[in-house]
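Raw start_20.cif, mmCIF, C-alpha atoms and all ligand atoms:
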```
data_input
#
loop_
_atom_site.label_atom_id
_atom_site.label_comp_id
_atom_site.auth_asym_id
_atom_site.auth_seq_id
_atom_site.Cartn_x
_atom_site.Cartn_y
_atom_site.Cartn_z
CA MET R 1 68.22 -217.39 -39.36
CA ALA R 2 69.40 -219.29 -42.43
CA VAL R 3 66.56 -220.19 -44.76
CA ILE R 4 65.96 -223.94 -45.18
CA SER R 5 65.25 -224.86 -48.80
CA PHE R 6 62.66 -227.47 -49.68
CA ALA R 7 62.55 -225.75 -53.07
CA ARG R 8 65.80 -227.13 -54.50
CA GLY R 9 65.28 -230.47 -56.20
CA VAL R 10 69.00 -231.18 -56.36
CA PRO R 11 71.25 -233.64 -54.51
CA ALA R 12 72.89 -232.64 -51.24
CA PRO R 13 76.61 -231.87 -51.76
CA GLU R 14 77.62 -235.08 -49.92
CA CYS R 15 75.77 -237.12 -52.58
CA LEU R 16 78.28 -236.00 -55.22
CA PRO R 17 81.19 -238.44 -55.86
CA ILE R 18 83.73 -235.64 -56.33
CA GLU R 19 86.99 -237.55 -55.88
CA GLU R 20 85.88 -240.50 -58.00
CA LEU R 21 84.68 -238.23 -60.80
CA ALA R 22 87.95 -236.31 -60.75
CA ASP R 23 89.82 -239.60 -61.24
CA CYS R 24 87.39 -240.73 -63.92
CA ALA R 25 87.74 -237.45 -65.84
CA ARG R 26 91.50 -237.90 -65.92
CA GLY R 27 91.18 -241.57 -66.91
CA ALA R 28 88.62 -240.74 -69.59
CA LEU R 29 90.89 -238.15 -71.19
CA LEU R 30 94.03 -240.24 -71.06
CA ASP R 31 92.32 -243.42 -72.33
CA GLY R 32 89.90 -241.78 -74.77
CA GLY R 33 92.47 -239.38 -76.21
CA ALA R 34 91.73 -237.00 -79.06
CA PRO R 35 88.15 -238.18 -79.86
CA VAL R 36 87.07 -236.96 -76.41
CA LEU R 37 88.31 -233.48 -77.30
CA LEU R 38 87.10 -233.27 -80.89
CA TYR R 39 83.74 -232.83 -82.60
CA GLY R 40 81.91 -236.04 -83.37
CA PRO R 41 78.41 -237.51 -83.72
CA GLY R 42 75.64 -235.27 -82.34
CA GLY R 43 74.04 -238.29 -80.66
CA GLY R 44 76.78 -238.67 -78.08
CA TYR R 45 80.04 -240.33 -77.06
CA GLY R 46 80.18 -243.74 -78.79
CA PRO R 47 81.20 -245.96 -75.85
CA LEU R 48 78.52 -244.47 -73.55
CA ARG R 49 75.93 -244.75 -76.28
CA GLU R 50 76.80 -248.42 -76.63
CA TRP R 51 76.59 -248.97 -72.87
CA ILE R 52 73.11 -247.37 -72.73
CA ALA R 53 71.97 -249.28 -75.83
CA GLN R 54 73.02 -252.56 -74.24
CA ARG R 55 71.31 -251.73 -70.97
CA HIS R 56 68.03 -251.11 -72.80
CA GLY R 57 68.41 -253.86 -75.41
CA VAL R 58 68.42 -251.62 -78.49
CA GLU R 59 70.86 -250.69 -81.24
CA PRO R 60 73.08 -247.66 -80.43
CA ALA R 61 71.52 -245.61 -83.25
CA ARG R 62 68.29 -245.47 -81.19
CA VAL R 63 70.12 -243.75 -78.30
CA VAL R 64 70.66 -239.99 -78.25
CA ILE R 65 72.70 -238.59 -75.36
CA THR R 66 71.89 -234.95 -74.68
CA SER R 67 73.18 -232.17 -72.44
CA GLY R 68 70.86 -233.20 -69.62
CA SER R 69 67.59 -234.90 -70.41
CA LEU R 70 65.82 -231.55 -70.45
CA GLN R 71 67.75 -230.58 -73.59
CA GLY R 72 66.54 -233.84 -75.11
CA PHE R 73 62.99 -232.90 -74.15
CA VAL R 74 63.42 -229.62 -76.04
CA PHE R 75 64.72 -231.41 -79.16
CA LEU R 76 61.98 -234.02 -79.08
CA SER R 77 59.28 -231.39 -78.57
CA GLU R 78 60.70 -229.24 -81.36
CA GLN R 79 60.49 -232.27 -83.62
CA LEU R 80 56.95 -233.31 -82.65
CA VAL R 81 55.08 -230.16 -81.63
CA THR R 82 53.72 -227.64 -84.10
CA PRO R 83 51.80 -224.63 -82.78
CA GLY R 84 48.36 -225.74 -81.62
CA ALA R 85 49.37 -229.42 -81.33
CA ARG R 86 47.99 -231.14 -78.25
CA VAL R 87 50.29 -232.69 -75.66
CA PHE R 88 48.87 -234.75 -72.78
CA VAL R 89 50.57 -234.19 -69.41
CA GLU R 90 49.87 -235.38 -65.89
CA ALA R 91 48.23 -232.75 -63.72
CA PRO R 92 50.41 -231.91 -61.86
CA THR R 93 53.65 -232.44 -63.79
CA TYR R 94 57.27 -231.22 -63.82
CA ASP R 95 57.14 -227.45 -64.36
CA ARG R 96 59.94 -227.02 -66.92
CA PRO R 97 58.28 -229.12 -69.66
CA ILE R 98 55.11 -227.04 -69.18
CA LYS R 99 57.15 -223.91 -69.95
CA ILE R 100 58.90 -225.50 -72.95
CA LEU R 101 55.63 -226.77 -74.43
CA ARG R 102 54.02 -223.38 -73.93
CA ARG R 103 56.90 -221.69 -75.73
CA LEU R 104 56.38 -224.05 -78.69
CA GLY R 105 52.69 -223.15 -78.81
CA ALA R 106 51.38 -226.54 -77.71
CA GLU R 107 47.93 -226.98 -76.26
CA ILE R 108 48.68 -228.62 -72.91
CA VAL R 109 45.92 -231.09 -72.05
CA PRO R 110 45.85 -232.34 -68.44
CA VAL R 111 45.44 -236.03 -67.57
CA PRO R 112 43.88 -236.70 -64.15
CA VAL R 113 45.98 -238.50 -61.52
CA ASP R 114 45.48 -239.99 -58.06
CA GLU R 115 47.85 -241.55 -55.50
CA ASP R 116 48.75 -244.34 -57.96
CA GLY R 117 49.67 -242.01 -60.81
CA LEU R 118 47.75 -241.13 -63.95
CA LEU R 119 44.36 -242.71 -64.72
CA PRO R 120 44.85 -244.42 -68.11
CA ASP R 121 41.13 -244.77 -68.73
CA GLU R 122 40.71 -241.04 -68.31
CA LEU R 123 43.18 -240.11 -71.03
CA PRO R 124 41.55 -237.33 -73.04
CA GLU R 125 39.93 -238.30 -76.33
CA GLY R 126 41.49 -237.36 -79.65
CA ASP R 127 44.99 -237.08 -81.05
CA ALA R 128 48.07 -235.70 -79.37
CA ALA R 129 51.68 -235.21 -80.42
CA PHE R 130 52.59 -237.29 -77.36
CA LEU R 131 51.79 -238.05 -73.74
CA TYR R 132 54.45 -236.87 -71.30
CA THR R 133 54.57 -238.97 -68.14
CA ILE R 134 56.92 -239.49 -65.19
CA PRO R 135 55.71 -242.87 -63.90
CA THR R 136 58.21 -243.41 -61.08
CA PHE R 137 58.69 -241.06 -58.08
CA GLN R 138 57.14 -238.29 -60.10
CA ASN R 139 58.29 -234.71 -59.97
CA PRO R 140 56.47 -233.01 -58.21
CA THR R 141 54.37 -235.57 -56.27
CA GLY R 142 56.79 -238.45 -55.60
CA ARG R 143 53.99 -240.78 -56.72
CA THR R 144 54.50 -243.97 -58.73
CA LEU R 145 52.25 -245.45 -61.39
CA SER R 146 51.02 -248.91 -60.35
CA VAL R 147 51.94 -251.96 -62.45
CA GLU R 148 48.32 -252.51 -63.47
CA ARG R 149 48.08 -248.96 -64.76
CA ARG R 150 51.42 -249.27 -66.54
CA ARG R 151 50.07 -252.30 -68.41
CA ARG R 152 46.81 -250.54 -69.22
CA LEU R 153 48.57 -247.40 -70.41
CA VAL R 154 50.83 -249.39 -72.73
CA GLU R 155 47.80 -251.22 -74.10
CA LEU R 156 45.82 -248.03 -74.68
CA ALA R 157 48.77 -246.20 -76.21
CA ARG R 158 49.20 -249.06 -78.67
CA GLU R 159 45.48 -249.13 -79.52
CA ARG R 160 45.35 -245.38 -80.02
CA ASN R 161 48.73 -245.10 -81.72
CA LEU R 162 49.69 -242.51 -79.10
CA LEU R 163 53.41 -241.90 -78.56
CA VAL R 164 54.28 -241.95 -74.85
CA LEU R 165 57.34 -240.15 -73.53
CA GLU R 166 58.38 -241.90 -70.32
CA ASP R 167 60.66 -239.59 -68.33
CA ASP R 168 62.49 -241.75 -65.81
CA PRO R 169 65.30 -239.94 -64.01
CA TYR R 170 64.31 -241.32 -60.57
CA GLY R 171 63.66 -245.02 -61.32
CA LEU R 172 67.00 -246.15 -59.87
CA VAL R 173 66.74 -243.75 -56.93
CA ARG R 174 64.67 -246.30 -55.02
CA TYR R 175 65.46 -247.02 -51.38
CA GLU R 176 62.53 -249.27 -50.57
CA GLY R 177 60.21 -251.74 -52.28
CA GLU R 178 60.53 -253.73 -55.49
CA PRO R 179 61.46 -252.00 -58.75
CA LEU R 180 58.59 -251.86 -61.25
CA PRO R 181 58.93 -252.54 -64.97
CA SER R 182 59.18 -249.38 -67.06
CA LEU R 183 56.56 -248.63 -69.70
CA PHE R 184 59.36 -249.08 -72.23
CA GLU R 185 60.04 -252.61 -70.96
CA LEU R 186 56.34 -253.52 -70.81
CA ALA R 187 55.95 -252.35 -74.40
CA GLY R 188 58.92 -254.46 -75.54
CA GLY R 189 60.81 -251.29 -76.47
CA GLU R 190 58.28 -250.22 -79.12
CA GLY R 191 56.00 -247.17 -79.18
CA ILE R 192 57.47 -245.63 -76.03
CA ALA R 193 60.10 -242.89 -76.06
CA TYR R 194 62.21 -243.44 -72.94
CA ALA R 195 64.29 -240.74 -71.24
CA SER R 196 66.63 -240.93 -68.30
CA SER R 197 69.58 -239.10 -66.88
CA PHE R 198 72.72 -239.42 -64.80
CA SER R 199 71.75 -236.25 -62.91
CA LYS R 200 70.32 -238.13 -59.93
CA THR R 201 72.59 -241.18 -60.02
CA VAL R 202 75.96 -239.46 -60.65
CA ALA R 203 75.70 -235.63 -60.66
CA PRO R 204 73.46 -233.04 -62.35
CA GLY R 205 76.45 -230.89 -63.30
CA VAL R 206 77.80 -233.50 -65.71
CA ARG R 207 74.70 -232.74 -67.85
CA VAL R 208 74.39 -236.24 -69.23
CA GLY R 209 70.85 -237.31 -70.06
CA TYR R 210 69.62 -239.66 -72.77
CA PHE R 211 66.71 -240.75 -74.91
CA VAL R 212 65.92 -244.16 -76.37
CA LEU R 213 63.69 -243.54 -79.38
CA PRO R 214 62.19 -245.22 -82.41
CA LEU R 215 64.98 -245.20 -84.99
CA GLU R 216 63.59 -242.51 -87.28
CA LEU R 217 62.82 -240.17 -84.38
CA ALA R 218 66.31 -240.78 -82.95
CA GLN R 219 67.83 -239.75 -86.28
CA GLN R 220 65.68 -236.60 -86.37
CA VAL R 221 66.58 -235.66 -82.79
CA GLU R 222 70.27 -236.34 -83.46
CA ALA R 223 70.10 -234.04 -86.49
CA LEU R 224 68.59 -231.30 -84.32
CA ALA R 225 71.36 -231.81 -81.75
CA THR R 226 74.01 -231.54 -84.47
CA SER R 227 72.52 -228.37 -85.87
CA THR R 228 72.29 -226.85 -82.37
CA TYR R 229 75.73 -227.60 -80.88
CA ILE R 230 77.60 -229.80 -83.43
CA SER R 231 78.32 -232.36 -80.75
CA PRO R 232 77.61 -232.54 -77.03
CA PRO R 233 80.43 -232.22 -74.46
CA TYR R 234 82.16 -235.60 -74.74
CA LEU R 235 84.40 -235.00 -71.75
CA THR R 236 81.59 -235.35 -69.23
CA GLN R 237 80.00 -238.19 -71.20
CA ALA R 238 83.34 -240.01 -71.31
CA THR R 239 83.77 -239.35 -67.57
CA VAL R 240 80.38 -240.93 -66.84
CA HIS R 241 81.35 -243.85 -69.08
CA GLU R 242 84.60 -244.30 -67.14
CA PHE R 243 82.60 -244.17 -63.86
CA LEU R 244 80.42 -247.01 -65.16
CA ARG R 245 83.36 -248.98 -66.58
CA ARG R 246 85.20 -248.91 -63.26
CA GLY R 247 82.17 -250.28 -61.43
CA ASN R 248 81.63 -247.10 -59.39
CA PHE R 249 78.01 -246.65 -60.40
CA GLU R 250 76.25 -249.26 -58.22
CA PRO R 251 78.13 -248.60 -54.97
CA ASN R 252 77.67 -244.85 -55.44
CA LEU R 253 73.95 -245.31 -56.08
CA GLU R 254 73.61 -247.40 -52.92
CA ARG R 255 75.38 -244.70 -50.91
CA VAL R 256 73.25 -241.91 -52.42
CA ASN R 257 70.04 -243.84 -51.83
CA GLY R 258 71.01 -244.26 -48.16
CA LEU R 259 71.56 -240.51 -47.80
CA LEU R 260 68.23 -239.78 -49.48
CA LYS R 261 66.31 -242.32 -47.42
CA ALA R 262 67.47 -240.65 -44.20
CA ARG R 263 66.15 -237.35 -45.58
CA ARG R 264 62.85 -238.83 -46.71
CA ASP R 265 62.40 -240.42 -43.26
CA ALA R 266 63.16 -237.12 -41.51
CA MET R 267 60.57 -235.33 -43.62
CA LEU R 268 57.85 -237.95 -43.10
CA GLU R 269 58.52 -237.91 -39.36
CA GLY R 270 58.37 -234.10 -39.25
CA LEU R 271 55.12 -234.00 -41.22
CA GLU R 272 53.58 -236.61 -38.91
CA ARG R 273 54.61 -234.58 -35.89
CA HIS R 274 53.78 -231.04 -37.02
CA MET R 275 51.09 -231.00 -39.68
CA PRO R 276 47.55 -230.09 -38.67
CA ASP R 277 44.61 -232.47 -39.00
CA GLY R 278 43.35 -232.60 -42.55
CA ALA R 279 46.77 -232.17 -44.19
CA THR R 280 47.79 -235.11 -46.41
CA TRP R 281 51.05 -236.00 -48.13
CA SER R 282 52.62 -238.62 -50.39
CA ARG R 283 54.92 -241.33 -49.00
CA PRO R 284 57.38 -242.09 -51.82
CA GLN R 285 59.72 -245.09 -51.75
CA GLY R 286 62.34 -243.15 -53.67
CA GLY R 287 63.12 -239.96 -55.53
CA TYR R 288 63.40 -236.42 -54.18
CA PHE R 289 59.89 -235.12 -53.47
CA ILE R 290 56.89 -235.17 -51.15
CA TRP R 291 53.65 -233.51 -52.21
CA LEU R 292 51.80 -231.84 -49.36
CA ASP R 293 48.10 -230.95 -49.55
CA LEU R 294 46.99 -228.47 -46.91
CA PRO R 295 43.63 -228.93 -45.20
CA GLU R 296 40.68 -227.77 -47.27
CA ASP R 297 39.52 -225.40 -44.53
CA ALA R 298 42.89 -223.80 -43.73
CA PRO R 299 43.27 -220.13 -44.65
CA PRO R 300 46.04 -219.41 -47.19
CA LEU R 301 49.59 -220.14 -46.05
CA ALA R 302 51.34 -217.22 -44.35
CA ASP R 303 54.68 -216.00 -45.71
CA ALA R 304 56.70 -219.19 -45.18
CA GLU R 305 59.93 -217.49 -46.23
CA ARG R 306 59.59 -215.19 -43.24
CA ALA R 307 59.29 -218.33 -41.11
CA GLY R 308 62.64 -219.41 -42.68
CA VAL R 309 61.63 -222.11 -45.16
CA THR R 310 61.08 -222.24 -48.93
CA PHE R 311 59.25 -224.68 -51.21
CA VAL R 312 57.72 -224.61 -54.69
CA PRO R 313 53.99 -223.79 -54.73
CA GLY R 314 51.71 -226.40 -56.26
CA THR R 315 50.44 -223.91 -58.85
CA ASP R 316 53.78 -224.09 -60.72
CA PHE R 317 53.04 -227.69 -61.69
CA PHE R 318 49.64 -227.24 -63.32
CA ALA R 319 49.26 -225.70 -66.76
CA ASP R 320 45.98 -224.08 -65.64
CA GLY R 321 47.38 -222.65 -62.38
CA SER R 322 45.36 -224.91 -60.06
CA GLY R 323 47.08 -226.59 -57.10
CA GLY R 324 46.76 -223.64 -54.72
CA ARG R 325 46.50 -225.85 -51.64
CA SER R 326 49.53 -227.97 -52.54
CA LEU R 327 53.27 -227.65 -51.99
CA ARG R 328 56.23 -229.53 -53.48
CA LEU R 329 58.72 -230.31 -50.74
CA ALA R 330 62.15 -231.48 -51.92
CA PHE R 331 64.01 -233.40 -49.22
CA SER R 332 67.06 -234.13 -51.38
CA TYR R 333 69.17 -231.06 -50.69
CA VAL R 334 69.09 -230.26 -46.97
CA SER R 335 70.32 -232.40 -44.05
CA PRO R 336 67.96 -234.53 -41.92
CA ASP R 337 68.36 -232.07 -39.00
CA GLU R 338 67.50 -229.12 -41.23
CA ILE R 339 64.52 -231.03 -42.55
CA ALA R 340 63.18 -231.53 -39.02
CA ASP R 341 63.54 -227.78 -38.34
CA GLY R 342 62.17 -226.81 -41.74
CA VAL R 343 58.98 -228.83 -41.36
CA ALA R 344 58.37 -227.25 -37.93
CA ARG R 345 58.87 -223.79 -39.49
CA LEU R 346 56.51 -224.67 -42.33
CA ALA R 347 53.84 -225.82 -39.88
CA SER R 348 54.18 -222.53 -38.00
CA ALA R 349 53.20 -220.69 -41.20
CA ILE R 350 49.94 -222.65 -41.55
CA PRO R 351 47.20 -220.61 -39.91
CA ALA R 352 44.62 -222.44 -37.79
CA PRO R 353 41.20 -222.72 -39.48
CA ALA R 354 39.06 -219.66 -38.76
CA SER R 355 36.78 -220.42 -35.79
CA LEU R 356 33.09 -219.87 -36.34
C1 LIG R 401 61.17 -235.43 -64.14
C2 LIG R 401 62.43 -234.75 -64.52
N1 LIG R 401 62.85 -234.82 -65.79
C3 LIG R 401 63.98 -234.21 -66.17
C4 LIG R 401 64.76 -233.51 -65.29
C5 LIG R 401 66.00 -232.84 -65.79
O1 LIG R 401 67.05 -233.69 -65.76
P1 LIG R 401 68.46 -233.33 -66.44
O2 LIG R 401 69.33 -232.82 -65.34
O3 LIG R 401 68.91 -234.63 -67.00
O4 LIG R 401 68.21 -232.30 -67.49
C6 LIG R 401 64.39 -233.43 -63.96
C7 LIG R 401 65.21 -232.66 -63.02
O5 LIG R 401 64.86 -232.36 -61.92
C8 LIG R 401 63.18 -234.05 -63.56
O6 LIG R 401 62.74 -233.98 -62.31
#
```
Let me see the file written as structure tokens.
Amino acid sequence: MAVISFARGVPAPECLPIEELADCARGALLDGGAPVLLYGPGGGYGPLREWIAQRHGVEPARVVITSGSLQGFVFLSEQLVTPGARVFVEAPTYDRPIKILRRLGAEIVPVPVDEDGLLPDELPEGDAAFLYTIPTFQNPTGRTLSVERRRRLVELARERNLLVLEDDPYGLVRYEGEPLPSLFELAGGEGIAYASSFSKTVAPGVRVGYFVLPLELAQQVEALATSTYISPPYLTQATVHEFLRRGNFEPNLERVNGLLKARRDAMLEGLERHMPDGATWSRPQGGYFIWLDLPEDAPPLADAERAGVTFVPGTDFFADGSGGRSLRLAFSYVSPDEIADGVARLASAIPAPASL
């Protein structure tokens, strides 16, 4: 029996625009010429930097394109975090930043969340190097911060002079509902560090992520990038730029969102059909993930891998190891049919509550 993976938060192979990217890579090299193959500014390939700057209404010097947005997170954290510095994070949050912050010696301070995202009025007291938040289709919960809370968070951050890092790789991966303004937009582009990526909208393997930062911070992060790898790989950045220039981005995104919606629907249907009473789960309008909370009274999950399905345990997403009753289920990678089977397998690994 082949194992069905709800662990892999990556796009299904059919989401990847292979032929178009192959053409764009060729076009990018032939049109871009030598600069695409030489060293250059650490902050990224000029034409793509300009495109991103225009999209976000800032000057190009405030944009730093990194080898995936996670690399940018490392640079930014290296710049802002000294050992013992506090960093506020949603509880739960994306697991990789937790590991990076730990490595840098940060004190990771959890911010409480509910179904509508973090609770701005429950931000911990005191200073922090920054608040890390994923307001839209969060990894791992799929939850989205409401507009009211976005406004309140921006207001509080301004009052407290707290830098907010808005990580937004899933904002455009919306297949239902109205797009919400980003924190960056609500703040008029000031006081919010904004990060996004082409990993979910084009392909993760191109490793093209970016940050829009206050000018001084952008210059510091660019200097760190230069001292780490001289310049990032321009070939993939130029390929993404060519993809945008040719108008491939929007139609590809629409196609990808359709493929993801079918997967999200299959998972919601399977959960509805197979989960026991008392289990609850998120219902995201986009992104890659559903967060499943098992019933309070259920005994611990049996070995799901033996039942033929994998997922990431909730504990990975809390700095303090809580989350033992929760699971992150990624629906992005497997097919709708596999999702239906996988949810049935998962349910078979949930023991019935012990009878009295
Ligand atoms: C919230 C979040 N931020 C960042 C990343 C990493 O993106 P990139 O591929 O641009 O490094 C991911 C990838 O899953 C993610 O879920």
Cut-off 9 Å: closest chain R/ligand LIG 401 (chain R) atom pairs per residue, using only C-alpha atoms and all ligand atoms, as a Markdown table:
```
| residue | atom | partner | partner_atom | distance |
| --- | --- | --- | --- | --- |
| R:Gly9 | CA | R:LIG401 | O5 | 6.0 |
| R:Val10 | CA | R:LIG401 | O5 | 7.0 |
| R:Thr66 | CA | R:LIG401 | O3 | 8.2 |
| R:Ser67 | CA | R:LIG401 | O4 | 7.0 |
| R:Gly68 | CA | R:LIG401 | O4 | 3.5 |
| R:Ser69 | CA | R:LIG401 | O3 | 3.7 |
| R:Leu70 | CA | R:LIG401 | O4 | 3.9 |
| R:Gln71 | CA | R:LIG401 | O4 | 6.4 |
| R:Gly72 | CA | R:LIG401 | O4 | 8.0 |
| R:Phe73 | CA | R:LIG401 | C3 | 8.1 |
| R:Thr93 | CA | R:LIG401 | C1 | 8.1 |
| R:Tyr94 | CA | R:LIG401 | C1 | 5.7 |
| R:Asp95 | CA | R:LIG401 | O6 | 8.8 |
| R:Arg96 | CA | R:LIG401 | C4 | 8.2 |
| R:Pro97 | CA | R:LIG401 | N1 | 8.3 |
| R:Thr133 | CA | R:LIG401 | C1 | 8.5 |
| R:Ile134 | CA | R:LIG401 | C1 | 6.0 |
| R:Phe137 | CA | R:LIG401 | C1 | 8.6 |
| R:Gln138 | CA | R:LIG401 | C1 | 6.4 |
| R:Asn139 | CA | R:LIG401 | O6 | 5.1 |
| R:Pro140 | CA | R:LIG401 | O6 | 7.6 |
| R:Asp167 | CA | R:LIG401 | N1 | 5.8 |
| R:Asp168 | CA | R:LIG401 | C1 | 6.7 |
| R:Pro169 | CA | R:LIG401 | N1 | 5.9 |
| R:Tyr170 | CA | R:LIG401 | C1 | 7.6 |
| R:Ala195 | CA | R:LIG401 | N1 | 8.2 |
| R:Ser196 | CA | R:LIG401 | O3 | 6.8 |
| R:Ser197 | CA | R:LIG401 | O3 | 4.5 |
| R:Phe198 | CA | R:LIG401 | O3 | 6.5 |
| R:Ser199 | CA | R:LIG401 | O2 | 4.9 |
| R:Lys200 | CA | R:LIG401 | O2 | 7.6 |
| R:Ala203 | CA | R:LIG401 | O2 | 8.4 |
| R:Pro204 | CA | R:LIG401 | O2 | 5.1 |
| R:Gly205 | CA | R:LIG401 | O2 | 7.7 |
| R:Val206 | CA | R:LIG401 | O2 | 8.5 |
| R:Arg207 | CA | R:LIG401 | O2 | 5.9 |
| R:Val208 | CA | R:LIG401 | O3 | 6.1 |
| R:Gly209 | CA | R:LIG401 | O3 | 4.5 |
| R:Tyr210 | CA | R:LIG401 | O3 | 7.7 |
| R:Tyr288 | CA | R:LIG401 | O6 | 8.5 |
```
*Return the single residue from R:Gln54, R:Asn257, R:Gln79, R:Thr201 that is closest to Glu176 in chain R, with distances computed using only C-alpha atoms.*
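Smallest distance to Glu176 in chain R is found for R:Asn257.
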Polymer residues at most 9 Å from Ala12 in chain R, only C-alpha atoms, same-chain spacing of 4 or more positions, as an NGL selection string: :R and (16 or 259-260 or 332-335)
*asked:* For Leu180 in chain R, find every residue with an atom within 10 Å (counting all atoms listed in the file), except residues of its own chain fewer than 4 positions away, and show them as JSON, numbers by chain.
replied: {"R": [135, 136, 144, 145, 146, 147, 150, 171, 185, 186]}
Counting only C-alpha atoms, the residue among R:Val89, R:Leu38, R:Leu215, R:Ala238 that lies closest to Phe317 in chain R is R:Val89
- Task: Enter the distance from CA of Asp316 in chain R to CA of Gly342 in chain R, in Å, rounded to one decimal.
- Result: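 Pair CA of Asp316 in chain R / CA of Gly342 in chain R returns 20.9 Å.
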Would you mind reading off the distance between CA of Ala53 in chain R and CA of Val81 in chain R, one decimal, in Å?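 Going from CA of Ala53 in chain R over to CA of Val81 in chain R, I get 26.2 Å.
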Report the distance between CA of Tyr45 in chain R and CA of Tyr234 in chain R in Å, rounded to one decimal place.
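Here the two named atoms are 5.7 Å from each other.
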| request: Between R:Arg246, R:Ser348, R:Ala279, R:Pro47, single out the one closest to Asp23 in chain R, counting all atoms listed in the file. | output: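 Answer, going by the shortest atom-to-atom distance: R:Arg246.
If only C-alpha atoms are the atoms counted, then among R:Asp116, R:Glu90, R:Asp265, R:Asp337 the closest residue to Phe130 in chain R is R:Glu90.
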Check your understanding: Which of these residues is nearest to Arg49 in chain R, using all atoms listed in the file: R:Glu19, R:Gly189, R:Ala91, R:Phe211?
Key ->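 Nearest candidate to Arg49 in chain R out of R:Glu19, R:Gly189, R:Ala91, R:Phe211: R:Phe211.
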Compile the contact shell of Ala225 in chain R as a list of chain:residue names: residues with an atom at most 8 Å away, counting all atoms listed in the file, same-chain residues fewer than 5 positions apart removed.
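Once the nearby chain positions are removed, what remains is R:Gly42, R:Gly43, R:Thr66, R:Phe75, R:Ile230, R:Ser231, R:Pro232.
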Dump C-alpha atoms for the selected residues as a tab-separated table (two decimals), keeping the file's coordinate frame?
```tsv
chain	number	residue	atom	x	y	z
R	42	GLY	CA	75.64	-235.27	-82.34
R	43	GLY	CA	74.04	-238.29	-80.66
R	66	THR	CA	71.89	-234.95	-74.68
R	75	PHE	CA	64.72	-231.41	-79.16
R	230	ILE	CA	77.60	-229.80	-83.43
R	231	SER	CA	78.32	-232.36	-80.75
R	232	PRO	CA	77.61	-232.54	-77.03
```
- Task: Name the closest residue to Arg263 in chain R among the candidates R:Ala223, R:Leu48, R:Ala340, R:Ala187; distances are taken between atoms, counting only C-alpha atoms.
- Result: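 Nearest candidate to Arg263 in chain R out of R:Ala223, R:Leu48, R:Ala340, R:Ala187: R:Ala340.
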Contacts of Leu101 in chain R at 10 Å (only C-alpha atoms; same-chain gap of 2+ positions) as a list in words:
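Surrounding residues, per the criterion: Phe73, Val74, Ser77, Glu78, Val81, Thr82, Pro83, Ala85, Arg86, Val87, Arg96, Pro97, Ile98, Lys99, Arg103, Leu104, Gly105, Ala106, Glu107 and Ile108 of chain R.
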| field | All residues 9 Å or closer to Arg143 in chain R, all atoms listed in the file, same chain fewer than 6 positions away omitted, as a ChimeraX atom specification | value | /R:114-117,135-137,282-285,289-291
For this session: Take the point (86.3, -231.5, -77.9) in the file's coordinates, draw a sphere of radius 8 Å around it, and report as a list in words every protein, DNA or RNA residue with an atom inside or on it, counting only C-alpha atoms.
Result: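 Those within range, by chain then number, are Ala34, Pro35, Val36, Leu37, Leu38, Tyr39, Pro233, Tyr234 and Leu235 of chain R.
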Centre, edges in Å (one decimal): axis-aligned box, range 289-300 of chain R, 6 Å padding on all six sides, as AutoDock Vina command-line options:
```
--center_x 49.7 --center_y -227.3 --center_z -48.6 --size_x 32.4 --size_y 27.8 --size_z 21.7
```
